[in-house]
Amino acid sequence: GAVVSQHPSWVICKSGTSVKIECRSLDFQATTMFWYRQFPKQSLMLMATSNEGSKATYEQGVEKDKFLINHASLTLSTLTVTSAHPEDSSFYICSAASSGRINEQFFGPGTRLTVL
Amino acid sequence: GQQLNQSPQSMFIQEGEDVSMNCTSSSIFNTWLWYKQDPGEGPVLLIALYKAGELTSNGRLTAQFGITRKDSFLNISASIPSDVGIYFCAGQAGANSKLTFGKGITLSVRP
């Protein structure tokens with residue numbers, strides 16, 4: 001149980017384009033989903049927290065107009081990197097938690113974004 | 001802000017050896033979690049601890065929630081090559097608060 005998937009697993013795009021990353025909880029209802037980014041040999045940095053049906057809460061320093069998050073259902077959240085630039089290249093990881101166990105986050109396998 | 005300290009950054013052990021990793025904080029956490037991350041993958045939850053003093057095992061892994069609520073340790077016994085990876089501790093201060101991650105410890109196991 002507690003499986004979280006991400007799609008795509010990797011993506012290469014040109015500078016200026018937008019990229020959408022999907023995060024799905026496959027066998028449980030995720031009332032809360034989290035988006036992290038991770039640079040090589042670094043820890044996970046929380047970008048935003050999203051609750052189903054409401055607006056995401058962004059961490060300080062994260063541009064909400066650049067990283068659009070939608071959590072339209074209990075099993076799906078999407079992160080759209082708008083007008084991507086090379087400095088947005090990173091490993092993006094989502095995690096999901098159910099309402100009864102908010103402090104147990106289950107992570108997706110991550111999406112490697114490379115912006116040329 | 002809250003920080004979790006994990007050191008050293010890397011550990012090298014021989015297959016079959018036991019290894020212990022510490023995670024410390026200057027502030028109190030009410031939940032401690034240990035994750036393992038393989039290269040190019042997301043972290044996988046190993047053990048979750050909810051009460052001060054709690055000792056929990058998961059196969060060859062044992063973790064404890066420190067009595068002061070400012071530390072936790074993870075033990076791996078009889079290490080095997082697939083134990084290689086990055087081990088992150090994470091803490092949560094309150095029921096709905098975000099996770100704070102340590103910087104991780106990279107474990108290498110020599111056959």
# chains A, B, ... in the order shown; residues from 1 in each chain; ligands from 1
>>> residues_around(residues="stretch 8-23 of chain A", least_positions_apart="6", cutoff="6 Å", atoms="only C-alpha atoms", output="count of residues only")
16
>>> closest_atom_pairs(of="chain A", to="chain B", cutoff="7 Å", atoms="only C-alpha atoms", output="CSV")
residue,atom,partner,partner_atom,distance
A:Gln42,CA,B:Lys103,CA,6.4
A:Ser43,CA,B:Lys103,CA,4.8
A:Leu44,CA,B:Phe101,CA,6.8
A:Ile93,CA,B:Gly42,CA,6.5
A:Ile102,CA,B:Asn96,CA,6.7
A:Asn103,CA,B:Ala95,CA,6.7
A:Phe106,CA,B:Leu45,CA,6.8
A:Phe107,CA,B:Gly42,CA,5.7
A:Gly108,CA,B:Gly42,CA,5.5
A:Pro109,CA,B:Gly42,CA,4.2
A:Gly110,CA,B:Gly42,CA,5.4
>>> residues_around(residues="B:Phe73", least_positions_apart="2", cutoff="8 Å", atoms="only C-alpha atoms", output="list in words")
Ser20, Met21, Asn22, Cys23, Ala63, Gln64, Phe65, Gly66, Asp71 and Asn75 of chain B
>>> write_last_selection(atoms="C-alpha atoms", output="PDB file, in the first residue's frame")
ATOM      1  CA  SER B  20      24.283   3.562  13.777  1.00  0.00           C
ATOM      2  CA  MET B  21      23.218   6.998  12.567  1.00  0.00           C
ATOM      3  CA  ASN B  22      22.224   9.932  14.712  1.00  0.00           C
ATOM      4  CA  CYS B  23      19.981  12.869  14.063  1.00  0.00           C
ATOM      5  CA  ALA B  63      15.105   3.394  15.387  1.00  0.00           C
ATOM      6  CA  GLN B  64      14.520   5.237  18.630  1.00  0.00           C
ATOM      7  CA  PHE B  65      12.808   8.517  19.450  1.00  0.00           C
ATOM      8  CA  GLY B  66      15.006  10.274  21.999  1.00  0.00           C
ATOM      9  CA  ASP B  71      17.200  13.393  18.748  1.00  0.00           C
ATOM     10  CA  ASN B  75      20.592   1.248  13.619  1.00  0.00           C
TER      11      ASN B  75
END
>>> residues_around(residues="A:Lys55", least_positions_apart="2", cutoff="9 Å", atoms="only C-alpha atoms", output="list in words")
Thr49, Ser50, Asn51, Glu52, Gly53, Thr57, Ile69, Asn70 and His71 of chain A
>>> residues_around(residues="A:Thr75", least_positions_apart="3", cutoff="10 Å", atoms="only C-alpha atoms", output="ChimeraX atom specification")
/A:4,23-33,52,71-72,96
>>> atom_distance(atom1="atom CA of B:Ser82", atom2="atom CA of B:Val109")
8.2 Å
>>> atom_distance(atom1="atom CA of B:Gln14", atom2="atom CA of B:Ala90")
26.2 Å
>>> atom_distance(atom1="atom CA of B:Ser72", atom2="atom CA of B:Arg60")
16.7 Å
>>> residues_around(residues="B:Ser25", least_positions_apart="4", cutoff="7 Å", atoms="only C-alpha atoms", output="VMD selection string")
chain B and resid 3 to 5 70 to 71
>>> write_last_selection(atoms="C-alpha atoms", output="short mmCIF file (atom, residue, chain, number, x, y, z; two decimals), in the first residue's frame")
data_model
loop_
_atom_site.label_atom_id
_atom_site.label_comp_id
_atom_site.auth_asym_id
_atom_site.auth_seq_id
_atom_site.Cartn_x
_atom_site.Cartn_y
_atom_site.Cartn_z
CA GLN B 3 17.31 22.31 11.54
CA LEU B 4 18.19 18.66 11.81
CA ASN B 5 21.82 17.70 12.02
CA LYS B 70 15.51 16.44 20.22
CA ASP B 71 17.20 13.39 18.75
#
>>> residues_around(residues="B:Gly16", least_positions_apart="6", cutoff="8 Å", atoms="only C-alpha atoms", output="PDB file with all heavy atoms, in the first residue's frame")
ATOM      1  N   SER B  77      21.516  -3.437  11.339  1.00  0.00           N
ATOM      2  CA  SER B  77      22.332  -4.569  11.769  1.00  0.00           C
ATOM      3  C   SER B  77      22.649  -5.472  10.584  1.00  0.00           C
ATOM      4  O   SER B  77      21.879  -5.543   9.618  1.00  0.00           O
ATOM      5  CB  SER B  77      21.615  -5.376  12.857  1.00  0.00           C
ATOM      6  OG  SER B  77      20.414  -5.909  12.352  1.00  0.00           O
ATOM      7  N   ALA B  78      23.796  -6.118  10.678  1.00  0.00           N
ATOM      8  CA  ALA B  78      24.206  -7.095   9.652  1.00  0.00           C
ATOM      9  C   ALA B  78      24.023  -6.532   8.252  1.00  0.00           C
ATOM     10  O   ALA B  78      23.265  -7.072   7.439  1.00  0.00           O
ATOM     11  CB  ALA B  78      23.427  -8.400   9.828  1.00  0.00           C
ATOM     12  N   SER B  79      24.711  -5.444   7.965  1.00  0.00           N
ATOM     13  CA  SER B  79      24.505  -4.716   6.707  1.00  0.00           C
ATOM     14  C   SER B  79      24.762  -5.611   5.484  1.00  0.00           C
ATOM     15  O   SER B  79      25.582  -6.544   5.513  1.00  0.00           O
ATOM     16  CB  SER B  79      25.430  -3.508   6.654  1.00  0.00           C
ATOM     17  OG  SER B  79      26.777  -3.923   6.745  1.00  0.00           O
ATOM     18  N   ILE B  80      24.033  -5.292   4.429  1.00  0.00           N
ATOM     19  CA  ILE B  80      24.169  -5.991   3.154  1.00  0.00           C
ATOM     20  C   ILE B  80      24.352  -4.938   2.052  1.00  0.00           C
ATOM     21  O   ILE B  80      24.059  -3.755   2.273  1.00  0.00           O
ATOM     22  CB  ILE B  80      22.931  -6.875   2.866  1.00  0.00           C
ATOM     23  CG1 ILE B  80      21.648  -6.037   2.854  1.00  0.00           C
ATOM     24  CG2 ILE B  80      22.819  -8.000   3.898  1.00  0.00           C
ATOM     25  CD1 ILE B  80      20.388  -6.833   2.535  1.00  0.00           C
TER      26      ILE B  80
END
